[in-house]
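Visitor: I am attaching a structure below and will ask some questions about it afterwards.
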Amino acid sequence: MTKKPSATADKKADDSVPSASPSSRAAINQQLGKEARIDLFRTMMRIRRFEERSLRAYQAKKIGGFLHLYIGQEAVAVGCCSLMGKHDHVITAYRDHGHAIAVGMGVNELMAELYGKATGCSKGKGGSMHYFAPDRNFWGGHGIVGGQIPLGTGLAYALKYKGLKGAAMAFMGDGAVNQGAVHEAYNLASLWQLPVVFVIENNGYSMGTSQERSSAGDLAKRAEGYNMAWGTCDGHDVYDVRAVMDKFLRLAREESKPAVVEVRTYRYRGHSVADPDNTYRAKSEIEEYRRTKDPIQVFQNTLVAEGVLDDALIGQIDQAARAEADAAADFAEASPFPTPDDIQKDVYWEADHPSERKSQGRLFFD
Amino acid sequence: MPVITYREAIRHALAEELERDANVVVLGEEVAQFNGAYKVTEGLLAKFGPKRIVDTPISEAGFIGMGVGASLLGIRPVMELMFWSFYSVAFDQILNNAANVRYMSGGLINCPIVIRGPANGGTNVGATHSHTPENVLANHPGVKVVVPSTAADAKGLLKSAIRDNDPVFFLENTILYGDKGEVPEGEHLIPLGLADVKRAGTDLTIVTYGRSVLHSLAAADLLQKEHDISAEVVDLRTIRPLDIDTVLQSVAKTHRVLIVEEQKPFASVGSQLAFMIQREGFDDLDAPIHRLTTVDAPAIYSPPVEIEQLPNPQRVLKAALELMT
């Protein structure tokens, strides 16, 4: 296995990677203290190492089904979720590990979920695509492309109904933008002026189909047809993600106006781990992105230039992230599976709360 | 006891629950300004205002998915499908999202939505508007399915449905909207999953629900008057959860079963009932279980012929007599 350029391997900044983006000057980034900047870097690193560890676990057959890795897209979830206030909410599709870590879910329960263990965040019942954390305003983790977008509009609807100053961020990939449900959600959001920011994580490919082969016209620009504000940003630059998203989140929270934001990003691995990734893009394209736009490398260079990070701290953060991911795998390995008796729990609220059940009759059948 | 229509019973249930719980919101096409395509929600906009009674664009996947999302944050949407036939354009939202989010989250979430509207044939509206999808809906663990046949049942069940913390699908009937019935005053709640013996009898059990209950009662009168046969009519009222015990008790008494349902035959609700009855009540049966369903074809338009495609009292009578010989 080729050694990926890791934070510890690069002792000096790669000249081809820019070290200071204009967005670093945006107020939302200027106001970040040193610890907060380090934390952004740390969270991206933790996501990267978690994803790499879960890939190894998948290859060791510890994980079944699908595994859609977020490697290369870390700055998007971290940048967006770092802006969350008390009444902001997040919902996304199946490439959800980054968002889960970014909102603060524990990696032990995330890894245990991948292993299908009872200690998983969804008790082993959801798997990779279905991470949820209501207490962190994180509403999944959804498998059907675009299916979560009307739900995101609903989160915004509820916020507005209750008079709460918050915004819903509804994430999707570039492959989702052509689903009918997404267009319906756009129309409802704009018609009713709901505080939702639709975030398109455009990694250039919808499984094996490039944007060029999928979508007529520019993605976020379609918002104009629905009278919605829109914008774009560089998803490899966490400062740019924050600067652009901050603007649209304020628009949502303060004026209850929806928007569509297209974030240009990239994934190094295939659509899922099962994707051989050899039919639709050149290896050189992946390497070029990794060399010049890796979001962790970009931000590392930025923070080194700012005097916030040095080699020692980078090393520490990387080691800690690896250790944390390994510990999560150990935790998952040691955890028990659910039993067949657990299969029919968590289906009906009423069945799970028998003392409060009002209905009668059989809820389940043989 | 006041006598009101099935339509009014539903409207009263909505109004009472809107009054009781500020989180209840009624959404759907034409529910507000138009006063409802079938006038079920007439007057509610004037009483509760546009925040509580919301006109949606024609966007079932969009607004139903939106309602599911809103329910995660405590809103209790009661969403109208102008025809339950339109469920298929929102299938993913209804039967993937609403039905599954609780399970996929390991029980962290629940989805207290109600989707209501008419599900019936018999109005010459053709194959795409005449669906009765209670079997398709009930096939999905996580959902509840209710099909009331009378005004009193409609009111009591809808109130329970709105208070239920799981997704409940409430299937009405445009032909029943004008039917009058006695409905108790005051707080009238009927639990989901409780069948009702609408007519006591001794010689056969007719298991049925929805408009077919009325056809079955009419046929039972004819059976008594013209053939001296005493039929017991069991109205399921709820498909899921299912009160199979009331059905089995009836079968233990009469030993013969006729299932009457406005369903296409393959994998209908009756198919599930027949399996359960023969499995759990085998020794009580004196004859194979019989069934009267919709004739197995898309809903025909031609008005007099559609009557013959659906269950009707004459077809029920004929099937009952087949069962008794």
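By convention here, the chains of the structure tokens are called A, B, ... in the order presented, each chain's residues are numbered starting at 1, and ligands are numbered starting at 1 in the order presented.
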Write out as a list in words the residues lying within 12 Å of Ala332 of chain A, counting only C-alpha atoms and excluding same-chain residues fewer than 5 positions away.

Guide: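 In the requested form, the answer reads Arg53, Ser54, Ala57, Lys62, Ile63, Val107, Asn108, Glu109, Leu110, Met111, Ala112, Glu113, Leu114, Tyr115, Gly116, Lys117, Ala118, Thr119, Gly120, Cys121, Lys123, Gly124, Ala325, Asp326, Ala327 and Phe337 of chain A.
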
Visitor: Using only C-alpha atoms, please write the residues we just selected to a file, as a tab-separated table (two decimals), in the first residue's frame.

Guide:
chain	number	residue	atom	x	y	z
A	53	ARG	CA	-9.04	2.79	9.99
A	54	SER	CA	-12.56	1.85	8.95
A	57	ALA	CA	-11.56	-2.87	9.08
A	62	LYS	CA	-15.25	-6.54	10.03
A	63	ILE	CA	-17.71	-4.29	8.25
A	107	VAL	CA	-15.78	7.52	17.41
A	108	ASN	CA	-16.18	4.42	19.57
A	109	GLU	CA	-19.88	4.28	18.92
A	110	LEU	CA	-19.36	5.18	15.28
A	111	MET	CA	-16.91	2.35	14.70
A	112	ALA	CA	-19.07	-0.07	16.71
A	113	GLU	CA	-21.97	0.82	14.44
A	114	LEU	CA	-19.86	-0.09	11.39
A	115	TYR	CA	-19.05	-3.41	13.03
A	116	GLY	CA	-22.78	-3.97	13.60
A	117	LYS	CA	-22.40	-4.08	17.35
A	118	ALA	CA	-25.03	-3.35	19.97
A	119	THR	CA	-22.83	-0.53	21.29
A	120	GLY	CA	-23.08	1.26	17.96
A	121	CYS	CA	-24.73	4.67	17.83
A	123	LYS	CA	-27.41	-0.19	18.16
A	124	GLY	CA	-26.05	-1.90	15.05
A	325	ALA	CA	-9.26	5.42	15.63
A	326	ASP	CA	-7.39	2.29	16.70
A	327	ALA	CA	-9.00	2.43	20.13
A	337	PHE	CA	-23.53	-7.98	18.62

Visitor: When the cut-off is 9 Å and we count only C-alpha atoms, which residues of chain A are near chain B, given as a PDB file with N, CA and C atoms, in the first residue's frame?

Guide:
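Result went into out.pdb, see below:
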ATOM      1  N   GLY A 120     -23.105   0.256  19.024  1.00  0.00           N
ATOM      2  CA  GLY A 120     -23.083   1.256  17.963  1.00  0.00           C
ATOM      3  C   GLY A 120     -24.087   2.366  18.226  1.00  0.00           C
ATOM      4  N   CYS A 121     -23.849   3.514  17.592  1.00  0.00           N
ATOM      5  CA  CYS A 121     -24.733   4.666  17.833  1.00  0.00           C
ATOM      6  C   CYS A 121     -26.172   4.395  17.422  1.00  0.00           C
ATOM      7  N   SER A 122     -26.382   3.462  16.515  1.00  0.00           N
ATOM      8  CA  SER A 122     -27.738   3.057  16.152  1.00  0.00           C
ATOM      9  C   SER A 122     -27.995   1.608  16.579  1.00  0.00           C
ATOM     10  N   LYS A 123     -27.275   1.178  17.620  1.00  0.00           N
ATOM     11  CA  LYS A 123     -27.410  -0.191  18.155  1.00  0.00           C
ATOM     12  C   LYS A 123     -27.140  -1.257  17.096  1.00  0.00           C
ATOM     13  N   GLY A 124     -26.356  -0.912  16.086  1.00  0.00           N
ATOM     14  CA  GLY A 124     -26.055  -1.895  15.050  1.00  0.00           C
ATOM     15  C   GLY A 124     -27.174  -2.048  14.037  1.00  0.00           C
ATOM     16  N   LYS A 125     -28.204  -1.231  14.148  1.00  0.00           N
ATOM     17  CA  LYS A 125     -29.358  -1.413  13.263  1.00  0.00           C
ATOM     18  C   LYS A 125     -29.293  -0.564  12.004  1.00  0.00           C
ATOM     19  N   GLY A 126     -28.406   0.415  11.984  1.00  0.00           N
ATOM     20  CA  GLY A 126     -28.354   1.320  10.843  1.00  0.00           C
ATOM     21  C   GLY A 126     -27.164   1.067   9.938  1.00  0.00           C
ATOM     22  N   GLY A 127     -25.975   0.971  10.559  1.00  0.00           N
ATOM     23  CA  GLY A 127     -24.767   0.816   9.762  1.00  0.00           C
ATOM     24  C   GLY A 127     -24.200   2.149   9.320  1.00  0.00           C
ATOM     25  N   HIS A 130     -26.282   5.335   8.334  1.00  0.00           N
ATOM     26  CA  HIS A 130     -27.361   5.788   9.212  1.00  0.00           C
ATOM     27  C   HIS A 130     -26.871   6.149  10.604  1.00  0.00           C
ATOM     28  N   TYR A 131     -25.972   7.098  10.665  1.00  0.00           N
ATOM     29  CA  TYR A 131     -25.537   7.683  11.927  1.00  0.00           C
ATOM     30  C   TYR A 131     -26.521   8.795  12.299  1.00  0.00           C
ATOM     31  N   PHE A 132     -26.956   8.838  13.545  1.00  0.00           N
ATOM     32  CA  PHE A 132     -27.887   9.869  14.016  1.00  0.00           C
ATOM     33  C   PHE A 132     -27.446  10.350  15.392  1.00  0.00           C
ATOM     34  N   ALA A 133     -27.632  11.623  15.665  1.00  0.00           N
ATOM     35  CA  ALA A 133     -27.366  12.142  17.013  1.00  0.00           C
ATOM     36  C   ALA A 133     -28.316  13.298  17.274  1.00  0.00           C
ATOM     37  N   PRO A 134     -29.558  13.006  17.651  1.00  0.00           N
ATOM     38  CA  PRO A 134     -30.516  14.081  17.919  1.00  0.00           C
ATOM     39  C   PRO A 134     -30.006  15.081  18.954  1.00  0.00           C
ATOM     40  N   TRP A 139     -29.359  14.700  12.164  1.00  0.00           N
ATOM     41  CA  TRP A 139     -30.508  13.866  11.834  1.00  0.00           C
ATOM     42  C   TRP A 139     -30.208  12.868  10.733  1.00  0.00           C
ATOM     43  N   GLY A 140     -29.012  12.354  10.710  1.00  0.00           N
ATOM     44  CA  GLY A 140     -28.674  11.268   9.775  1.00  0.00           C
ATOM     45  C   GLY A 140     -28.017  11.785   8.505  1.00  0.00           C
ATOM     46  N   GLY A 141     -27.426  10.953   7.881  1.00  0.00           N
ATOM     47  CA  GLY A 141     -27.260   9.524   7.643  1.00  0.00           C
ATOM     48  C   GLY A 141     -28.437   8.929   6.862  1.00  0.00           C
ATOM     49  N   HIS A 142     -28.546   9.099   5.499  1.00  0.00           N
ATOM     50  CA  HIS A 142     -29.667   8.556   4.745  1.00  0.00           C
ATOM     51  C   HIS A 142     -29.206   7.909   3.462  1.00  0.00           C
ATOM     52  N   ILE A 144     -31.081   6.818   0.515  1.00  0.00           N
ATOM     53  CA  ILE A 144     -31.634   7.050  -0.820  1.00  0.00           C
ATOM     54  C   ILE A 144     -31.191   8.432  -1.297  1.00  0.00           C
ATOM     55  N   GLY A 147     -33.207  11.665  -0.917  1.00  0.00           N
ATOM     56  CA  GLY A 147     -34.375  11.426  -0.063  1.00  0.00           C
ATOM     57  C   GLY A 147     -34.374  12.247   1.209  1.00  0.00           C
ATOM     58  N   GLN A 148     -33.179  12.641   1.663  1.00  0.00           N
ATOM     59  CA  GLN A 148     -33.082  13.386   2.914  1.00  0.00           C
ATOM     60  C   GLN A 148     -33.385  14.875   2.729  1.00  0.00           C
ATOM     61  N   ILE A 149     -33.416  15.333   1.495  1.00  0.00           N
ATOM     62  CA  ILE A 149     -33.529  16.778   1.283  1.00  0.00           C
ATOM     63  C   ILE A 149     -34.896  17.326   1.699  1.00  0.00           C
ATOM     64  N   PRO A 150     -36.003  16.674   1.367  1.00  0.00           N
ATOM     65  CA  PRO A 150     -37.265  17.173   1.930  1.00  0.00           C
ATOM     66  C   PRO A 150     -37.254  17.134   3.460  1.00  0.00           C
ATOM     67  N   LEU A 151     -36.604  16.176   4.055  1.00  0.00           N
ATOM     68  CA  LEU A 151     -36.516  16.134   5.521  1.00  0.00           C
ATOM     69  C   LEU A 151     -35.789  17.372   6.033  1.00  0.00           C
ATOM     70  N   GLY A 152     -34.725  17.773   5.332  1.00  0.00           N
ATOM     71  CA  GLY A 152     -33.982  18.970   5.725  1.00  0.00           C
ATOM     72  C   GLY A 152     -34.865  20.210   5.660  1.00  0.00           C
ATOM     73  N   THR A 153     -35.693  20.262   4.621  1.00  0.00           N
ATOM     74  CA  THR A 153     -36.646  21.364   4.509  1.00  0.00           C
ATOM     75  C   THR A 153     -37.603  21.333   5.699  1.00  0.00           C
ATOM     76  N   GLY A 154     -37.929  20.132   6.129  1.00  0.00           N
ATOM     77  CA  GLY A 154     -38.820  19.980   7.287  1.00  0.00           C
ATOM     78  C   GLY A 154     -38.195  20.455   8.583  1.00  0.00           C
ATOM     79  N   LEU A 155     -36.918  20.206   8.750  1.00  0.00           N
ATOM     80  CA  LEU A 155     -36.228  20.717   9.940  1.00  0.00           C
ATOM     81  C   LEU A 155     -36.342  22.245   9.967  1.00  0.00           C
ATOM     82  N   ALA A 156     -36.124  22.856   8.800  1.00  0.00           N
ATOM     83  CA  ALA A 156     -36.220  24.314   8.708  1.00  0.00           C
ATOM     84  C   ALA A 156     -37.649  24.786   8.972  1.00  0.00           C
ATOM     85  N   TYR A 157     -38.594  24.038   8.458  1.00  0.00           N
ATOM     86  CA  TYR A 157     -40.005  24.375   8.684  1.00  0.00           C
ATOM     87  C   TYR A 157     -40.314  24.397  10.176  1.00  0.00           C
ATOM     88  N   ALA A 158     -39.828  23.379  10.876  1.00  0.00           N
ATOM     89  CA  ALA A 158     -40.086  23.292  12.316  1.00  0.00           C
ATOM     90  C   ALA A 158     -39.426  24.458  13.055  1.00  0.00           C
ATOM     91  N   LEU A 159     -38.222  24.823  12.660  1.00  0.00           N
ATOM     92  CA  LEU A 159     -37.537  25.952  13.301  1.00  0.00           C
ATOM     93  C   LEU A 159     -38.360  27.225  13.125  1.00  0.00           C
ATOM     94  N   TYR A 161     -41.568  27.451  12.402  1.00  0.00           N
ATOM     95  CA  TYR A 161     -42.859  27.297  13.093  1.00  0.00           C
ATOM     96  C   TYR A 161     -42.723  27.644  14.567  1.00  0.00           C
ATOM     97  N   LYS A 162     -41.612  27.199  15.153  1.00  0.00           N
ATOM     98  CA  LYS A 162     -41.402  27.419  16.588  1.00  0.00           C
ATOM     99  C   LYS A 162     -40.783  28.776  16.883  1.00  0.00           C
ATOM    100  N   GLY A 180     -36.043  14.361  -8.258  1.00  0.00           N
ATOM    101  CA  GLY A 180     -37.257  15.170  -8.162  1.00  0.00           C
ATOM    102  C   GLY A 180     -37.503  15.709  -6.767  1.00  0.00           C
ATOM    103  N   ALA A 181     -37.246  14.862  -5.765  1.00  0.00           N
ATOM    104  CA  ALA A 181     -37.521  15.285  -4.385  1.00  0.00           C
ATOM    105  C   ALA A 181     -36.718  16.540  -4.024  1.00  0.00           C
ATOM    106  N   VAL A 182     -35.531  16.671  -4.594  1.00  0.00           N
ATOM    107  CA  VAL A 182     -34.703  17.844  -4.310  1.00  0.00           C
ATOM    108  C   VAL A 182     -35.356  19.101  -4.874  1.00  0.00           C
ATOM    109  N   HIS A 183     -35.868  19.010  -6.064  1.00  0.00           N
ATOM    110  CA  HIS A 183     -36.528  20.162  -6.675  1.00  0.00           C
ATOM    111  C   HIS A 183     -37.782  20.539  -5.904  1.00  0.00           C
ATOM    112  N   GLU A 184     -38.506  19.535  -5.447  1.00  0.00           N
ATOM    113  CA  GLU A 184     -39.692  19.831  -4.651  1.00  0.00           C
ATOM    114  C   GLU A 184     -39.303  20.545  -3.365  1.00  0.00           C
ATOM    115  N   ALA A 185     -38.200  20.084  -2.784  1.00  0.00           N
ATOM    116  CA  ALA A 185     -37.743  20.705  -1.533  1.00  0.00           C
ATOM    117  C   ALA A 185     -37.286  22.150  -1.778  1.00  0.00           C
ATOM    118  N   TYR A 186     -36.587  22.382  -2.885  1.00  0.00           N
ATOM    119  CA  TYR A 186     -36.170  23.753  -3.239  1.00  0.00           C
ATOM    120  C   TYR A 186     -37.393  24.664  -3.334  1.00  0.00           C
ATOM    121  N   ASN A 187     -38.387  24.193  -4.057  1.00  0.00           N
ATOM    122  CA  ASN A 187     -39.576  25.017  -4.272  1.00  0.00           C
ATOM    123  C   ASN A 187     -40.268  25.346  -2.949  1.00  0.00           C
ATOM    124  N   LEU A 188     -40.442  24.339  -2.113  1.00  0.00           N
ATOM    125  CA  LEU A 188     -41.093  24.581  -0.825  1.00  0.00           C
ATOM    126  C   LEU A 188     -40.280  25.548   0.028  1.00  0.00           C
ATOM    127  N   LYS A 345     -37.039  -4.642  18.170  1.00  0.00           N
ATOM    128  CA  LYS A 345     -37.088  -3.457  19.045  1.00  0.00           C
ATOM    129  C   LYS A 345     -36.728  -2.228  18.214  1.00  0.00           C
ATOM    130  N   ASP A 346     -37.170  -1.081  18.651  1.00  0.00           N
ATOM    131  CA  ASP A 346     -36.895   0.194  17.977  1.00  0.00           C
ATOM    132  C   ASP A 346     -37.611   0.328  16.638  1.00  0.00           C
ATOM    133  N   VAL A 347     -38.707  -0.407  16.499  1.00  0.00           N
ATOM    134  CA  VAL A 347     -39.528  -0.273  15.291  1.00  0.00           C
ATOM    135  C   VAL A 347     -40.660   0.727  15.552  1.00  0.00           C
ATOM    136  N   TYR A 348     -41.415   0.468  16.620  1.00  0.00           N
ATOM    137  CA  TYR A 348     -42.535   1.339  16.995  1.00  0.00           C
ATOM    138  C   TYR A 348     -42.228   2.012  18.328  1.00  0.00           C
ATOM    139  N   TRP A 349     -42.463   3.287  18.409  1.00  0.00           N
ATOM    140  CA  TRP A 349     -42.344   3.983  19.694  1.00  0.00           C
ATOM    141  C   TRP A 349     -43.218   3.297  20.725  1.00  0.00           C
ATOM    142  N   GLU A 350     -44.435   2.937  20.320  1.00  0.00           N
ATOM    143  CA  GLU A 350     -45.364   2.321  21.276  1.00  0.00           C
ATOM    144  C   GLU A 350     -44.861   0.984  21.787  1.00  0.00           C
ATOM    145  N   ASP A 352     -41.869   0.083  22.097  1.00  0.00           N
ATOM    146  CA  ASP A 352     -40.706   0.328  22.952  1.00  0.00           C
ATOM    147  C   ASP A 352     -41.084   1.013  24.264  1.00  0.00           C
ATOM    148  N   LYS A 358     -51.184   2.930  23.857  1.00  0.00           N
ATOM    149  CA  LYS A 358     -52.640   3.105  23.845  1.00  0.00           C
ATOM    150  C   LYS A 358     -53.303   2.155  22.860  1.00  0.00           C
ATOM    151  N   SER A 359     -52.585   1.731  21.837  1.00  0.00           N
ATOM    152  CA  SER A 359     -53.200   0.865  20.836  1.00  0.00           C
ATOM    153  C   SER A 359     -53.254  -0.555  21.361  1.00  0.00           C
ATOM    154  N   GLN A 360     -54.061  -1.356  20.688  1.00  0.00           N
ATOM    155  CA  GLN A 360     -54.151  -2.774  21.012  1.00  0.00           C
ATOM    156  C   GLN A 360     -53.801  -3.564  19.752  1.00  0.00           C
ATOM    157  N   GLY A 361     -53.950  -4.891  19.856  1.00  0.00           N
ATOM    158  CA  GLY A 361     -53.740  -5.691  18.662  1.00  0.00           C
ATOM    159  C   GLY A 361     -52.283  -5.965  18.399  1.00  0.00           C
ATOM    160  N   ARG A 362     -52.046  -6.684  17.314  1.00  0.00           N
ATOM    161  CA  ARG A 362     -50.687  -7.107  17.003  1.00  0.00           C
ATOM    162  C   ARG A 362     -49.968  -6.115  16.125  1.00  0.00           C
ATOM    163  N   LEU A 363     -48.783  -5.701  16.586  1.00  0.00           N
ATOM    164  CA  LEU A 363     -47.949  -4.803  15.800  1.00  0.00           C
ATOM    165  C   LEU A 363     -47.011  -5.583  14.882  1.00  0.00           C
ATOM    166  N   PHE A 364     -46.724  -6.819  15.250  1.00  0.00           N
ATOM    167  CA  PHE A 364     -45.790  -7.631  14.463  1.00  0.00           C
ATOM    168  C   PHE A 364     -46.437  -8.943  14.067  1.00  0.00           C
ATOM    169  N   ASP A 366     -45.903 -13.047  12.134  1.00  0.00           N
ATOM    170  CA  ASP A 366     -44.960 -14.122  11.815  1.00  0.00           C
ATOM    171  C   ASP A 366     -45.211 -14.615  10.393  1.00  0.00           C
TER     172      ASP A 366
END

Visitor: Where in segment 14-146 of chain A does DSSP assign alpha helix (DSSP H), given as a PDB file with C-alpha atoms, in the first residue's frame?

Guide:
ATOM      1  CA  ALA A  27     -14.277  38.053  10.054  1.00  0.00           C
ATOM      2  CA  ILE A  28     -15.698  34.639  10.860  1.00  0.00           C
ATOM      3  CA  ASN A  29     -12.159  33.244  10.586  1.00  0.00           C
ATOM      4  CA  GLN A  30     -10.262  36.224  12.020  1.00  0.00           C
ATOM      5  CA  LYS A  34      -5.591  29.729  18.309  1.00  0.00           C
ATOM      6  CA  GLU A  35      -7.211  26.751  20.029  1.00  0.00           C
ATOM      7  CA  ALA A  36     -10.246  26.944  17.800  1.00  0.00           C
ATOM      8  CA  ARG A  37      -8.043  26.874  14.684  1.00  0.00           C
ATOM      9  CA  ILE A  38      -6.123  23.899  15.994  1.00  0.00           C
ATOM     10  CA  ASP A  39      -9.421  22.234  16.722  1.00  0.00           C
ATOM     11  CA  LEU A  40     -10.556  22.590  13.122  1.00  0.00           C
ATOM     12  CA  PHE A  41      -7.323  20.964  12.013  1.00  0.00           C
ATOM     13  CA  ARG A  42      -7.621  18.261  14.657  1.00  0.00           C
ATOM     14  CA  THR A  43     -11.181  17.383  13.683  1.00  0.00           C
ATOM     15  CA  MET A  44     -10.234  17.002  10.025  1.00  0.00           C
ATOM     16  CA  MET A  45      -7.318  14.800  11.001  1.00  0.00           C
ATOM     17  CA  ARG A  46      -9.545  12.698  13.248  1.00  0.00           C
ATOM     18  CA  ILE A  47     -11.982  12.169  10.388  1.00  0.00           C
ATOM     19  CA  ARG A  48      -9.163  11.189   8.035  1.00  0.00           C
ATOM     20  CA  ARG A  49      -7.688   8.648  10.439  1.00  0.00           C
ATOM     21  CA  PHE A  50     -11.125   7.250  11.340  1.00  0.00           C
ATOM     22  CA  GLU A  51     -11.913   6.731   7.678  1.00  0.00           C
ATOM     23  CA  GLU A  52      -8.567   5.078   7.009  1.00  0.00           C
ATOM     24  CA  ARG A  53      -9.035   2.786   9.995  1.00  0.00           C
ATOM     25  CA  SER A  54     -12.560   1.854   8.945  1.00  0.00           C
ATOM     26  CA  LEU A  55     -11.289   1.070   5.441  1.00  0.00           C
ATOM     27  CA  ARG A  56      -8.794  -1.377   6.947  1.00  0.00           C
ATOM     28  CA  ALA A  57     -11.565  -2.870   9.083  1.00  0.00           C
ATOM     29  CA  TYR A  58     -13.741  -3.262   5.987  1.00  0.00           C
ATOM     30  CA  GLN A  59     -10.922  -5.005   4.128  1.00  0.00           C
ATOM     31  CA  GLU A  74     -13.039  16.691   5.472  1.00  0.00           C
ATOM     32  CA  ALA A  75     -13.011  20.475   5.248  1.00  0.00           C
ATOM     33  CA  VAL A  76     -16.623  20.559   4.127  1.00  0.00           C
ATOM     34  CA  ALA A  77     -18.207  18.900   7.147  1.00  0.00           C
ATOM     35  CA  VAL A  78     -15.750  20.468   9.564  1.00  0.00           C
ATOM     36  CA  GLY A  79     -16.119  23.944   8.118  1.00  0.00           C
ATOM     37  CA  CYS A  80     -19.912  23.809   7.993  1.00  0.00           C
ATOM     38  CA  CYS A  81     -20.487  22.153  11.358  1.00  0.00           C
ATOM     39  CA  HIS A  97     -18.917   9.831   8.863  1.00  0.00           C
ATOM     40  CA  GLY A  98     -17.353  13.270   8.530  1.00  0.00           C
ATOM     41  CA  HIS A  99     -20.507  15.087   9.602  1.00  0.00           C
ATOM     42  CA  ALA A 100     -20.957  12.693  12.522  1.00  0.00           C
ATOM     43  CA  ILE A 101     -17.460  13.386  13.837  1.00  0.00           C
ATOM     44  CA  ALA A 102     -17.755  17.093  13.078  1.00  0.00           C
ATOM     45  CA  VAL A 107     -15.778   7.522  17.406  1.00  0.00           C
ATOM     46  CA  ASN A 108     -16.183   4.417  19.571  1.00  0.00           C
ATOM     47  CA  GLU A 109     -19.884   4.278  18.921  1.00  0.00           C
ATOM     48  CA  LEU A 110     -19.359   5.181  15.277  1.00  0.00           C
ATOM     49  CA  MET A 111     -16.911   2.346  14.702  1.00  0.00           C
ATOM     50  CA  ALA A 112     -19.067  -0.066  16.715  1.00  0.00           C
ATOM     51  CA  GLU A 113     -21.965   0.819  14.437  1.00  0.00           C
ATOM     52  CA  LEU A 114     -19.855  -0.086  11.394  1.00  0.00           C
TER      53      LEU A 114
END

Visitor: Select, from A:Gly175, A:Thr232, A:Ala189, A:Arg136, the residue with the minimum atom-to-atom distance to Gly106 of chain A, counting only C-alpha atoms.

Guide: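 Closest to Gly106 of chain A, using only C-alpha atoms: A:Arg136.
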
Visitor: Out of A:Met105, A:Thr209, A:Gly143, A:Arg253, which residue has the shortest atom-to-atom distance to Gly163 of chain A when counting only C-alpha atoms?

Guide: A:Arg253

Visitor: Excluding same-chain residues fewer than 4 positions from segment 291-300 of chain B, what lies within 7 Å of it counting only C-alpha atoms, as a PyMOL selection string?

Guide: chain B and resi 126-127+130+258-265+306+309-311+316+319

Visitor: Could you give me, as a VMD selection string, each residue of segment 77-206 of chain A that DSSP assigns to strand (DSSP E or B) when run on this structure's backbone?

Guide: chain A and resid 89 to 91 133 138 168 to 173 196 to 202 205 to 206

Visitor: Can those selected residues be exported to a file as a compact mmCIF listing (two decimals), in the first residue's frame so that it contains N, CA and C atoms?

Guide:
# COMPACT_ATOMS: atom_id res chain seq x y z
N HIS A 89 -29.25 22.83 12.64
CA HIS A 89 -29.40 21.38 12.51
C HIS A 89 -28.76 20.91 11.23
N VAL A 90 -28.37 19.64 11.23
CA VAL A 90 -27.69 19.06 10.06
C VAL A 90 -28.35 17.76 9.65
N ILE A 91 -28.46 17.57 8.33
CA ILE A 91 -28.89 16.28 7.80
C ILE A 91 -28.09 16.04 6.54
N ALA A 133 -27.63 11.62 15.67
CA ALA A 133 -27.37 12.14 17.01
C ALA A 133 -28.32 13.30 17.27
N PHE A 138 -28.14 16.36 14.86
CA PHE A 138 -27.71 15.66 13.65
C PHE A 138 -28.72 14.56 13.34
N ALA A 168 -31.25 25.04 9.08
CA ALA A 168 -30.97 23.64 8.80
C ALA A 168 -29.99 23.59 7.64
N MET A 169 -28.96 22.76 7.79
CA MET A 169 -28.05 22.52 6.66
C MET A 169 -28.40 21.15 6.11
N ALA A 170 -28.82 21.12 4.86
CA ALA A 170 -29.22 19.87 4.23
C ALA A 170 -28.18 19.54 3.15
N PHE A 171 -27.34 18.55 3.44
CA PHE A 171 -26.24 18.19 2.54
C PHE A 171 -26.67 17.15 1.53
N MET A 172 -26.06 17.25 0.36
CA MET A 172 -26.27 16.25 -0.69
C MET A 172 -25.03 16.23 -1.58
N GLY A 173 -24.94 15.23 -2.42
CA GLY A 173 -23.81 15.19 -3.37
C GLY A 173 -24.23 15.73 -4.73
N VAL A 196 -33.29 27.14 5.43
CA VAL A 196 -32.49 25.96 5.11
C VAL A 196 -31.39 26.36 4.13
N VAL A 197 -30.20 25.85 4.36
CA VAL A 197 -29.11 26.01 3.40
C VAL A 197 -28.87 24.64 2.80
N PHE A 198 -29.12 24.52 1.51
CA PHE A 198 -28.88 23.27 0.80
C PHE A 198 -27.40 23.26 0.40
N VAL A 199 -26.65 22.28 0.87
CA VAL A 199 -25.22 22.25 0.59
C VAL A 199 -24.92 21.10 -0.35
N ILE A 200 -24.45 21.44 -1.53
CA ILE A 200 -24.10 20.42 -2.52
C ILE A 200 -22.61 20.14 -2.40
N GLU A 201 -22.26 18.97 -1.88
CA GLU A 201 -20.84 18.59 -1.82
C GLU A 201 -20.51 18.00 -3.19
N ASN A 202 -19.98 18.85 -4.06
CA ASN A 202 -19.72 18.42 -5.43
C ASN A 202 -18.30 17.85 -5.53
N TYR A 205 -18.22 13.51 -9.04
CA TYR A 205 -18.69 12.22 -9.53
C TYR A 205 -19.89 11.74 -8.74
N SER A 206 -20.84 11.25 -9.48
CA SER A 206 -22.01 10.62 -8.87
C SER A 206 -21.79 9.14 -9.14

Visitor: How many Å separate atom CA of Leu95 of chain B from atom CA of Ile162 of chain B?

Guide: 18.4 Å
